[in-house]
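Note: the block below is input-v7.txt and it holds compact mmCIF, C-alpha atoms.
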# COMPACT_ATOMS: atom_id res chain seq x y z
CA MET A 173 11.58 -1.90 17.52
CA VAL A 174 9.50 1.23 17.88
CA ALA A 175 5.77 0.71 18.24
CA HIS A 176 4.30 2.69 15.41
CA ARG A 177 1.44 5.00 16.13
CA GLY A 178 -0.55 5.98 13.14
CA ASN A 179 -0.96 9.58 14.18
CA ASP A 180 2.68 9.96 15.10
CA GLN A 181 4.03 11.71 12.06
CA ASP A 182 7.19 13.07 13.67
CA ALA A 183 9.18 10.04 12.56
CA VAL A 184 7.98 10.52 8.99
CA PHE A 185 9.02 14.17 8.86
CA LYS A 186 12.37 13.44 10.48
CA ALA A 187 13.03 10.64 8.04
CA LEU A 188 12.09 12.83 5.07
CA ALA A 189 14.23 15.73 6.29
CA ASP A 190 17.38 14.03 5.02
CA ALA A 191 18.36 14.28 1.34
CA SER A 192 20.09 10.88 1.31
CA ARG A 193 16.96 9.19 2.57
CA ARG A 194 14.85 10.97 -0.01
CA THR A 195 17.28 9.71 -2.65
CA LEU A 196 16.76 6.17 -1.40
CA LEU A 197 12.99 6.61 -1.63
CA ASP A 198 13.39 8.00 -5.17
CA ARG A 199 15.36 4.93 -6.14
CA LEU A 200 12.70 2.63 -4.73
CA ARG A 201 10.03 4.58 -6.55
CA GLN A 202 11.93 4.02 -9.79
CA ARG A 203 12.30 0.34 -9.06
CA ASN A 204 10.59 -1.25 -6.10
CA GLY A 205 11.93 -4.29 -4.27
CA GLN A 206 15.70 -3.74 -4.28
CA THR A 207 18.35 -5.37 -2.13
CA LEU A 208 20.73 -3.33 0.02
CA GLY A 209 23.48 -4.00 -2.51
CA GLU A 210 21.39 -2.71 -5.41
CA LEU A 211 20.43 0.39 -3.46
CA CYS A 212 24.09 1.12 -2.69
CA ASP A 213 25.02 0.85 -6.34
CA GLY A 214 26.19 4.19 -7.72
CA LEU A 215 25.63 6.09 -4.48
CA GLN A 216 28.33 8.06 -2.70
CA MET A 217 27.48 6.37 0.59
CA THR A 218 28.93 3.46 2.46
CA ARG A 219 26.90 0.31 2.74
CA GLN A 220 26.67 0.93 6.47
CA ALA A 221 25.27 4.42 5.96
CA VAL A 222 22.67 3.15 3.49
CA ALA A 223 21.66 0.39 5.92
CA LYS A 224 21.30 2.95 8.70
CA HIS A 225 19.17 5.25 6.54
CA LEU A 226 16.98 2.30 5.55
CA GLY A 227 16.51 1.47 9.23
CA ILE A 228 15.30 5.03 9.90
CA LEU A 229 12.97 4.89 6.89
CA ARG A 230 11.60 1.61 8.11
CA GLN A 231 10.98 2.96 11.62
CA ALA A 232 9.03 5.78 10.02
CA ASN A 233 7.12 3.11 8.06
CA LEU A 234 8.24 4.66 4.77
CA VAL A 235 10.07 1.51 3.74
CA ALA A 236 8.98 -2.08 4.21
CA TRP A 237 11.13 -5.10 3.58
CA ARG A 238 10.41 -8.68 2.74
CA ARG A 239 12.69 -11.66 2.84
CA GLU A 240 12.92 -13.58 -0.39
CA GLY A 241 15.26 -16.52 -0.18
CA ARG A 242 18.53 -15.22 1.16
CA GLU A 243 17.78 -11.68 0.13
CA ARG A 244 15.98 -8.85 1.81
CA LEU A 245 14.05 -6.72 -0.65
CA HIS A 246 13.11 -3.13 0.19
CA PHE A 247 9.83 -1.53 -0.86
CA ILE A 248 8.64 2.04 -0.64
CA ASN A 249 5.51 2.32 1.51
CA PRO A 250 3.46 5.33 0.38
CA VAL A 251 0.82 5.01 3.13
CA PRO A 252 2.32 7.50 5.67
CA ILE A 253 2.85 10.13 2.95
CA HIS A 254 -0.72 9.62 1.81
CA GLU A 255 -1.87 10.20 5.41
CA ILE A 256 0.10 13.44 5.60
CA ALA A 257 -1.42 14.57 2.31
CA GLU A 258 -4.90 13.71 3.60
CA ARG A 259 -4.33 15.64 6.79
CA TRP A 260 -3.82 18.93 5.00
CA LEU A 261 -4.80 18.52 1.38
CA ARG A 262 -8.27 17.11 1.61
CA ARG A 263 -9.62 20.48 2.74
CA PHE A 264 -8.46 22.00 -0.51
CA GLU A 265 -9.38 21.34 -4.06
CA LEU A 266 -7.38 18.20 -4.81
CA PRO A 267 -8.25 18.06 -8.54
CA GLN A 268 -7.06 21.63 -9.01
CA LEU A 269 -3.80 20.86 -7.25
CA GLU A 270 -3.34 17.80 -9.44
CA ALA A 271 -3.94 19.87 -12.57
CA LEU A 272 -1.39 22.38 -11.33
CA ALA A 273 1.15 19.64 -10.62
CA GLN A 274 0.64 18.23 -14.11
CA LEU A 275 1.11 21.64 -15.68
CA LYS A 276 4.32 22.13 -13.72
CA GLN A 277 5.61 18.72 -14.82
CA LYS A 278 4.78 19.50 -18.44
CA LEU A 279 6.43 22.90 -18.37
CA GLU A 280 9.50 21.60 -16.60
CA GLY A 281 9.71 18.54 -18.82
CA GLU A 282 9.67 16.03 -16.00
CA GLU A 283 8.16 12.67 -16.44
CA PRO A 284 5.04 12.19 -14.30
CA MET B 218 17.53 -9.76 -10.82
CA SER B 219 14.48 -11.86 -10.13
CA GLU B 220 12.67 -8.66 -9.26
CA SER B 221 12.56 -7.44 -12.86
CA ALA B 222 10.20 -10.25 -13.88
CA THR B 223 7.58 -9.27 -11.32
CA SER B 224 5.93 -6.08 -10.17
CA THR B 225 5.33 -5.86 -6.46
CA PHE B 226 4.00 -3.21 -4.16
CA VAL B 227 3.97 -3.44 -0.37
CA TYR B 228 1.72 -1.31 1.82
CA VAL B 229 2.01 -1.17 5.57
CA THR B 230 -0.21 0.58 8.05
CA TYR B 231 -0.60 0.42 11.81
CA ILE B 232 -4.16 0.47 13.09
CA ARG B 233 -5.10 0.78 16.74
CA THR B 234 -7.48 -2.15 16.91
CA THR B 235 -7.41 -5.90 17.46
CA PRO B 236 -6.55 -8.47 14.78
CA GLU B 237 -10.09 -9.85 15.12
CA ARG B 238 -11.77 -6.51 14.47
CA LEU B 239 -9.46 -5.80 11.55
CA TRP B 240 -10.06 -9.24 10.09
CA SER B 241 -13.78 -8.71 10.41
CA ALA B 242 -13.56 -5.34 8.63
CA LEU B 243 -11.56 -6.94 5.83
CA THR B 244 -13.90 -9.84 5.24
CA ASP B 245 -17.35 -8.57 6.23
CA PRO B 246 -19.25 -7.38 3.13
CA ALA B 247 -21.37 -5.06 5.28
CA GLN B 248 -18.32 -3.09 6.50
CA MET B 249 -16.43 -3.04 3.25
CA PRO B 250 -18.18 -0.36 1.13
CA ALA B 251 -17.52 2.23 3.85
CA TYR B 252 -13.78 2.20 3.23
CA TRP B 253 -13.41 0.55 -0.19
CA PHE B 254 -14.93 3.06 -2.64
CA GLY B 255 -18.34 1.50 -2.30
CA VAL B 256 -17.39 -1.99 -3.49
CA GLN B 257 -18.15 -5.22 -1.71
CA ILE B 258 -16.31 -8.52 -1.78
CA THR B 259 -18.53 -11.57 -1.70
CA SER B 260 -17.11 -15.00 -1.01
CA ALA B 261 -17.72 -18.14 1.03
CA TRP B 262 -14.39 -17.22 2.72
CA LYS B 263 -12.64 -20.55 2.72
CA PRO B 264 -9.52 -21.73 0.91
CA GLY B 265 -10.30 -22.58 -2.70
CA ALA B 266 -13.51 -20.54 -2.75
CA PRO B 267 -14.00 -17.89 -5.41
CA TRP B 268 -14.39 -14.23 -4.47
CA GLN B 269 -15.56 -11.24 -6.40
CA MET B 270 -15.61 -7.54 -5.85
CA ALA B 271 -18.53 -5.57 -7.21
CA TYR B 272 -20.29 -2.22 -7.07
CA PRO B 273 -23.87 -2.08 -5.76
CA ASP B 274 -25.10 -2.10 -9.40
CA GLY B 275 -23.50 -5.52 -9.84
CA LYS B 276 -20.56 -4.41 -11.98
CA VAL B 277 -17.67 -6.73 -11.09
CA THR B 278 -14.30 -4.97 -10.80
CA ASP B 279 -12.03 -7.79 -9.64
CA ALA B 280 -12.35 -11.49 -8.96
CA GLY B 281 -10.30 -14.53 -8.04
CA THR B 282 -9.85 -17.42 -5.65
CA ILE B 283 -8.92 -17.61 -1.99
CA LEU B 284 -5.55 -19.34 -1.87
CA GLU B 285 -4.92 -19.29 1.87
CA MET B 286 -6.93 -18.17 4.82
CA GLU B 287 -5.83 -18.15 8.43
CA PRO B 288 -8.03 -15.84 10.52
CA PRO B 289 -7.09 -13.40 11.94
CA LYS B 290 -3.56 -13.51 10.56
CA ARG B 291 -3.23 -14.19 6.90
CA LEU B 292 -5.29 -14.01 3.73
CA ARG B 293 -3.82 -14.78 0.33
CA LEU B 294 -5.90 -14.09 -2.76
CA GLN B 295 -5.50 -14.83 -6.41
CA TRP B 296 -6.57 -11.61 -8.06
CA GLN B 297 -7.68 -10.75 -11.59
CA HIS B 298 -9.00 -7.40 -12.67
CA GLN B 299 -12.22 -7.58 -14.71
CA LEU B 300 -13.18 -4.13 -16.00
CA ARG B 301 -10.31 -2.74 -18.04
CA PRO B 302 -9.18 -5.09 -20.84
CA GLU B 303 -5.53 -3.94 -20.73
CA LEU B 304 -5.36 -4.81 -17.03
CA LYS B 305 -7.30 -8.04 -17.35
CA GLN B 306 -4.99 -9.33 -20.04
CA GLU B 307 -2.02 -9.10 -17.69
CA GLY B 308 -3.43 -12.20 -16.06
CA VAL B 309 -3.57 -13.25 -12.47
CA ALA B 310 -2.01 -11.28 -9.65
CA GLU B 311 -1.63 -12.24 -6.03
CA CYS B 312 -2.57 -10.24 -2.99
CA LEU B 313 -1.38 -11.17 0.47
CA LEU B 314 -2.78 -9.53 3.60
CA GLU B 315 -0.90 -10.10 6.83
CA LEU B 316 -2.07 -8.98 10.27
CA GLU B 317 0.37 -8.85 13.14
CA PRO B 318 -0.27 -7.41 16.62
CA VAL B 319 2.31 -4.77 17.63
CA GLY B 320 1.67 -3.24 21.06
CA GLN B 321 -1.79 -1.69 21.05
CA SER B 322 -1.96 -1.81 17.25
CA VAL B 323 -2.11 -4.23 14.40
CA ARG B 324 0.41 -4.04 11.62
CA LEU B 325 -1.40 -4.66 8.35
CA THR B 326 0.82 -5.49 5.39
CA VAL B 327 -0.65 -5.74 1.91
CA THR B 328 1.61 -7.23 -0.75
CA HIS B 329 0.24 -7.08 -4.26
CA SER B 330 2.31 -8.68 -7.00
CA ILE B 331 2.06 -10.00 -10.52
CA ALA B 332 4.50 -11.90 -12.72
CA GLN B 333 4.74 -9.02 -15.18
CA PRO B 334 7.46 -6.42 -15.48
CA GLN B 335 6.13 -2.83 -15.29
CA SER B 336 2.61 -4.05 -14.60
CA GLN B 337 -0.20 -1.59 -15.32
CA LEU B 338 -2.40 -3.42 -12.82
CA ILE B 339 0.11 -2.88 -10.02
CA GLN B 340 0.36 0.77 -11.07
CA ALA B 341 -3.42 1.04 -10.95
CA VAL B 342 -3.82 -0.55 -7.52
CA SER B 343 -0.92 1.49 -6.17
CA GLY B 344 -3.17 4.54 -6.27
CA GLY B 345 -5.99 2.74 -4.52
CA TRP B 346 -4.40 0.88 -1.63
CA PRO B 347 -3.10 3.90 0.34
CA LYS B 348 -6.60 5.44 0.23
CA ILE B 349 -8.30 2.19 1.22
CA LEU B 350 -5.89 1.61 4.12
CA SER B 351 -6.24 5.19 5.26
CA ASN B 352 -10.04 4.87 5.24
CA LEU B 353 -9.87 1.55 7.04
CA LYS B 354 -7.66 3.06 9.73
CA SER B 355 -10.02 5.99 10.26
CA LEU B 356 -13.02 3.70 10.36
CA LEU B 357 -11.53 1.37 12.97
CA GLU B 358 -9.87 4.04 15.09
CA THR B 359 -12.49 6.77 15.07
CA GLY B 360 -15.55 5.17 13.54
CA GLU B 361 -15.67 7.59 10.67
CA ILE B 362 -14.20 7.98 7.22
CA VAL B 363 -11.84 10.90 6.73
CA LEU B 364 -11.87 10.82 3.00
CA GLU B 365 -15.25 12.16 2.00
CA THR B 366 -14.72 11.30 -1.65
CA ALA B 367 -14.87 7.61 -0.77
CA ALA B 368 -18.36 8.03 0.63
CA ALA B 369 -19.33 10.24 -2.30
CA LYS B 370 -18.19 7.61 -4.78
CA ALA B 371 -20.09 4.97 -2.88
CA GLY B 372 -23.36 6.88 -3.24
Take the structure from the file and write it as structure tokens.
Amino acid sequence: MVAHRGNDQDAVFKALADASRRTLLDRLRQRNGQTLGELCDGLQMTRQAVAKHLGILRQANLVAWRREGRERLHFINPVPIHEIAERWLRRFELPQLEALAQLKQKLEGEEP
Amino acid sequence: MSESATSTFVYVTYIRTTPERLWSALTDPAQMPAYWFGVQITSAWKPGAPWQMAYPDGKVTDAGTILEMEPPKRLRLQWQHQLRPELKQEGVAECLLELEPVGQSVRLTVTHSIAQPQSQLIQAVSGGWPKILSNLKSLLETGEIVLETAAAKAG
């Protein structure tokens, strides 16, 4: 297992650079605490590929898992993304950016 | 699935410190306001003891009981929000903090869950925990808080 360094954000960017892994994070954001089987459901990926992507996400500390009974449940961990946002965003006007993001969501009809 | 009956969030951060220092930061009321939006937890810090989290003006935000305490490894709290009625009525949540040394760092895992589907409380704390953990990390690694708004809110 890789020893995680808080200021080492390379692993986070590499993990996020892949569309399949972002899809997995999206699915966990929709419903947190899913098993590997549930995450595979409806995806055009083999179980092995999903497991591999989850391993990379976990090494980047973007996904955490907990054992519950016989099952392993996966959770999205927003802390590294928050740290990236802090690194660059806090110098800017965060409330204005939030207002802009809300406007964009409203205009594009996305749910927040 | 069993998952649908509960709402759970898990937060993990790695902090370059010792489990003892991290434990102290998590349980020492004097250190807490610096990273936790100005609030302080007061408790006798033993299993079964009540705890409460309050602003300097005395307004209590959250309260509960200490379910398990194993310094500097594990702290399990029963957790009920006090300020917003819609969150309070969801009942009692549980918050588990686990500290595990990994190399030169400590892996801190916070698991916050409640036996409610689509919990508003869990949604509400999900905005707070990443900021708190990020502040805690800065405080322990560099001795200062990165997020100025936390200090501003504390004042």
- Determine which residues of chain B sit within 8 Å of chain A, taking into account all atoms listed in the file, and present them as a PyMOL selection string. chain B and resi 220+224-233+319-320+322+347-348+350-351+364
- Message: Between A:Arg201, A:Arg242, A:Ile256, A:Ala223, which residue has the minimum interatomic distance to Ser343 of chain B, considering all atoms listed in the file?
- Response: A:Arg201
- Message: Report as a ChimeraX atom specification all protein, DNA and RNA residues lying within 12 Å of Gln248 of chain B, evaluated on all atoms listed in the file, omitting residues in the same chain fewer than 4 positions from it.
- Response: /B:238-244,252-259,352-353,356-357,360-362
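Using all atoms listed in the file, the contacts of Asp274 of chain B at a cut-off of 12 Å, with sequence neighbours closer than 2 positions omitted, comprise B:Gly255, B:Val256, B:Gln257, B:Met270, B:Ala271, B:Tyr272, B:Lys276, B:Val277, B:Thr278, B:Ala371, B:Gly372.
Neighbourhood of point (14.0, 10.9, 6.3): residues with an atom at most 10 Å away, counting only C-alpha atoms, are Ala183, Val184, Phe185, Lys186, Ala187, Leu188, Ala189, Asp190, Ala191, Ser192, Arg193, Arg194, Thr195, Leu196, Leu197, His225, Leu226, Ile228, Leu229, Arg230, Ala232 and Leu234 of chain A.
One finds atom CA of Gly281 of chain B at 5.4 Å from atom CA of Trp268 of chain B.
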Can you complete the atoms of segment 241-254 of chain B to N, CA, C and O atoms and list them as an mmCIF file, keeping the file's coordinate frame?
data_model
loop_
_atom_site.group_PDB
_atom_site.id
_atom_site.type_symbol
_atom_site.label_atom_id
_atom_site.label_comp_id
_atom_site.auth_asym_id
_atom_site.auth_seq_id
_atom_site.Cartn_x
_atom_site.Cartn_y
_atom_site.Cartn_z
ATOM 1 N N SER B 241 -12.356 -8.828 10.665
ATOM 2 C CA SER B 241 -13.780 -8.710 10.410
ATOM 3 C C SER B 241 -14.059 -7.586 9.392
ATOM 4 O O SER B 241 -14.850 -7.747 8.461
ATOM 5 N N ALA B 242 -13.356 -6.454 9.576
ATOM 6 C CA ALA B 242 -13.560 -5.340 8.630
ATOM 7 C C ALA B 242 -13.118 -5.718 7.221
ATOM 8 O O ALA B 242 -13.707 -5.278 6.233
ATOM 9 N N LEU B 243 -12.089 -6.562 7.139
ATOM 10 C CA LEU B 243 -11.560 -6.940 5.830
ATOM 11 C C LEU B 243 -12.427 -7.967 5.110
ATOM 12 O O LEU B 243 -12.381 -8.088 3.883
ATOM 13 N N THR B 244 -13.188 -8.729 5.871
ATOM 14 C CA THR B 244 -13.900 -9.840 5.240
ATOM 15 C C THR B 244 -15.427 -9.736 5.363
ATOM 16 O O THR B 244 -16.136 -10.585 4.829
ATOM 17 N N ASP B 245 -15.903 -8.718 6.071
ATOM 18 C CA ASP B 245 -17.350 -8.570 6.230
ATOM 19 C C ASP B 245 -17.902 -7.657 5.136
ATOM 20 O O ASP B 245 -17.570 -6.477 5.088
ATOM 21 N N PRO B 246 -18.746 -8.199 4.244
ATOM 22 C CA PRO B 246 -19.250 -7.380 3.130
ATOM 23 C C PRO B 246 -20.012 -6.139 3.609
ATOM 24 O O PRO B 246 -20.041 -5.131 2.913
ATOM 25 N N ALA B 247 -20.592 -6.198 4.802
ATOM 26 C CA ALA B 247 -21.370 -5.060 5.280
ATOM 27 C C ALA B 247 -20.462 -3.874 5.631
ATOM 28 O O ALA B 247 -20.849 -2.720 5.503
ATOM 29 N N GLN B 248 -19.237 -4.167 6.089
ATOM 30 C CA GLN B 248 -18.320 -3.090 6.500
ATOM 31 C C GLN B 248 -17.515 -2.535 5.337
ATOM 32 O O GLN B 248 -17.017 -1.421 5.375
ATOM 33 N N MET B 249 -17.364 -3.351 4.313
ATOM 34 C CA MET B 249 -16.430 -3.040 3.250
ATOM 35 C C MET B 249 -16.702 -1.756 2.449
ATOM 36 O O MET B 249 -15.792 -0.949 2.257
ATOM 37 N N PRO B 250 -17.967 -1.531 1.998
ATOM 38 C CA PRO B 250 -18.180 -0.360 1.130
ATOM 39 C C PRO B 250 -17.786 0.951 1.792
ATOM 40 O O PRO B 250 -17.405 1.901 1.110
ATOM 41 N N ALA B 251 -17.835 0.997 3.125
ATOM 42 C CA ALA B 251 -17.520 2.230 3.850
ATOM 43 C C ALA B 251 -16.090 2.695 3.615
ATOM 44 O O ALA B 251 -15.799 3.878 3.650
ATOM 45 N N TYR B 252 -15.172 1.778 3.413
ATOM 46 C CA TYR B 252 -13.780 2.200 3.230
ATOM 47 C C TYR B 252 -13.227 1.845 1.852
ATOM 48 O O TYR B 252 -12.141 2.254 1.489
ATOM 49 N N TRP B 253 -13.956 1.051 1.071
ATOM 50 C CA TRP B 253 -13.410 0.550 -0.190
ATOM 51 C C TRP B 253 -14.184 1.090 -1.394
ATOM 52 O O TRP B 253 -14.705 0.329 -2.198
ATOM 53 N N PHE B 254 -14.296 2.402 -1.478
ATOM 54 C CA PHE B 254 -14.930 3.060 -2.640
ATOM 55 C C PHE B 254 -16.274 2.460 -3.013
ATOM 56 O O PHE B 254 -16.627 2.393 -4.179
#
